[in-house]
Every structure is written in structure tokens, then in C-alpha cells.
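Participant: Pasting a structure below so you can have a look.
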Amino acid sequence: MYIEQKTASGLTVPPDVPQFGWDRLPSDNGLANIKVTWYPNLDGKPGSHFFAKYRIKGESQWQTTDPQLDEDTLIVRGLQPETNYDFRVVAVDGDYLTESGSQEVYVKNNEQVDK
């Protein structure tokens, strides 16, 4: 069984750099919610699933969402208003992870403006 697992993992390759967009959703108790949409490269190596990484701009520690296995969207909840965030999407294929570039999201008074 170990040999089969090793062989199977050898068939995966790093996914292409993922692309993504985001949209504002209604807030919950004054905290913002962002819907992240992954645009997999269907003509290349899109990866099998994805997750999002985000942090308050200037902080070193990234927070991550749970992996999204069945959809191309996920919702990040509980973001602070009046705050700049950096978002990334990570495409996953087997043991390989490929991160997107960062997009800055500014959350202000439950509205967001793409900078």
C-alpha cells in the first residue's frame, strides 16, 4: 500500500498560479464578510482544490481558511471594518501548493474598495 501511495503522489505536479476575485457580503454584527472566488486555469494545471490566506496588512502572520474541495468560492467571515487586508488564494494538488499574488482589500464602514 505504501508503494501505491508513493506512486500516486508522484503523478501530481505543482498547479498553475491561481487567479481570484472577491466580493462584499452583508456584515454580521458589524464585522465584514468577503466572498473569495477562485478562477482555476482549466487549460493548464488548476489544482484539485484551494484555500484562502489573509492577514491584516503589515502583520506577519497569515490566517487560513479550511480547504474548499467542492466549490470555487468560499466566505471569510469576521473581518474588522476600517482595516486593510491582504488576501491570497492557494491552489493545491497532492503535495504541491501554489500561491497567488496578494490582493489588498480595504474594509470601511461595511463597504470595501479595491485599491
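Starting from 1 in every chain, residues are counted up; chains themselves are A, B, ... following the order of the C-alpha cells, and ligands are numbered from 1 as listed.
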I'd like to know which residues of range 15-96 of chain A are strand (DSSP E or B) (by DSSP, run on the backbone); could you write them as an mmCIF file with C-alpha atoms, in the first residue's frame?

Facilitator:
```
data_model
loop_
_atom_site.group_PDB
_atom_site.id
_atom_site.type_symbol
_atom_site.label_atom_id
_atom_site.label_comp_id
_atom_site.auth_asym_id
_atom_site.auth_seq_id
_atom_site.Cartn_x
_atom_site.Cartn_y
_atom_site.Cartn_z
ATOM 1 C CA GLN A 19 -6.296 33.779 -10.013
ATOM 2 C CA PHE A 20 -9.115 35.042 -7.804
ATOM 3 C CA GLY A 21 -11.594 37.812 -7.163
ATOM 4 C CA TRP A 22 -13.631 38.913 -4.177
ATOM 5 C CA ASP A 23 -17.000 40.443 -3.337
ATOM 6 C CA ARG A 24 -18.529 42.006 -0.251
ATOM 7 C CA LEU A 25 -21.315 40.187 1.546
ATOM 8 C CA PRO A 26 -23.660 41.583 4.212
ATOM 9 C CA SER A 27 -21.960 42.115 7.559
ATOM 10 C CA ASP A 28 -22.611 40.152 10.727
ATOM 11 C CA LEU A 31 -17.934 42.538 11.102
ATOM 12 C CA ALA A 32 -17.312 42.226 7.385
ATOM 13 C CA ASN A 33 -17.632 39.095 5.236
ATOM 14 C CA ILE A 34 -15.732 38.590 1.990
ATOM 15 C CA LYS A 35 -16.616 36.033 -0.677
ATOM 16 C CA VAL A 36 -13.472 34.771 -2.419
ATOM 17 C CA THR A 37 -13.862 33.223 -5.875
ATOM 18 C CA TRP A 38 -11.112 31.052 -7.324
ATOM 19 C CA TYR A 39 -10.656 31.045 -11.121
ATOM 20 C CA HIS A 49 -8.879 22.363 -4.614
ATOM 21 C CA PHE A 50 -7.982 25.653 -2.942
ATOM 22 C CA PHE A 51 -7.986 27.663 0.258
ATOM 23 C CA ALA A 52 -7.558 31.352 1.074
ATOM 24 C CA LYS A 53 -4.928 33.096 3.176
ATOM 25 C CA TYR A 54 -5.495 36.546 4.651
ATOM 26 C CA ARG A 55 -3.934 38.922 7.137
ATOM 27 C CA ILE A 56 -4.234 42.464 8.325
ATOM 28 C CA GLN A 63 -4.726 33.153 8.728
ATOM 29 C CA THR A 64 -6.049 30.377 6.517
ATOM 30 C CA GLN A 68 -12.674 24.206 -0.380
ATOM 31 C CA THR A 73 -15.940 30.064 -3.764
ATOM 32 C CA LEU A 74 -15.611 30.395 -0.006
ATOM 33 C CA ILE A 75 -16.583 33.010 2.567
ATOM 34 C CA VAL A 76 -14.172 34.647 5.007
ATOM 35 C CA ARG A 77 -16.154 35.959 7.984
ATOM 36 C CA GLY A 78 -15.466 38.271 10.890
ATOM 37 C CA LEU A 79 -13.168 40.856 9.291
ATOM 38 C CA THR A 83 -8.908 47.767 8.101
ATOM 39 C CA ASN A 84 -6.670 46.848 5.151
ATOM 40 C CA TYR A 85 -6.278 43.131 4.490
ATOM 41 C CA ASP A 86 -4.047 41.161 2.141
ATOM 42 C CA PHE A 87 -5.705 38.131 0.521
ATOM 43 C CA ARG A 88 -4.172 35.231 -1.408
ATOM 44 C CA VAL A 89 -5.562 32.024 -2.850
ATOM 45 C CA VAL A 90 -3.582 28.794 -2.679
ATOM 46 C CA ALA A 91 -4.166 26.062 -5.294
ATOM 47 C CA VAL A 92 -3.457 22.534 -4.067
ATOM 48 C CA ASP A 93 -2.620 19.379 -5.995
ATOM 49 C CA TYR A 96 2.041 20.758 -4.070
#
```

Participant: My list of candidates is A:Pro67, A:Pro81, A:Gly101, A:Pro15. Which is closest to Asp43 in chain A when distances are computed with only C-alpha atoms?

Facilitator: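 Selected residue with least distance to Asp43 in chain A: A:Pro15.
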
Participant: Go through A:Ser60, A:Pro40, A:Pro46, A:Glu104 and flag the residue nearest Pro14 in chain A, using only C-alpha atoms for the distances.

Facilitator: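 Once distances to Pro14 in chain A are computed over only C-alpha atoms, the minimum belongs to A:Pro46.
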
Participant: What is the CA of Gly47 in chain A to CA of Trp62 in chain A distance in Å?

Facilitator: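 A separation of 21.3 Å between them.
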
Participant: Suppose you want the space between CA of Lys45 in chain A and CA of Val13 in chain A; what is it in Å?

Facilitator: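 We find that CA of Lys45 in chain A and CA of Val13 in chain A lie 7.9 Å from each other.
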
Participant: Expressed in Å to a single decimal, how great is the separation between CA of Gly94 in chain A and CA of Ser48 in chain A?

Facilitator: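 Going from CA of Gly94 in chain A over to CA of Ser48 in chain A, I get 7.8 Å.
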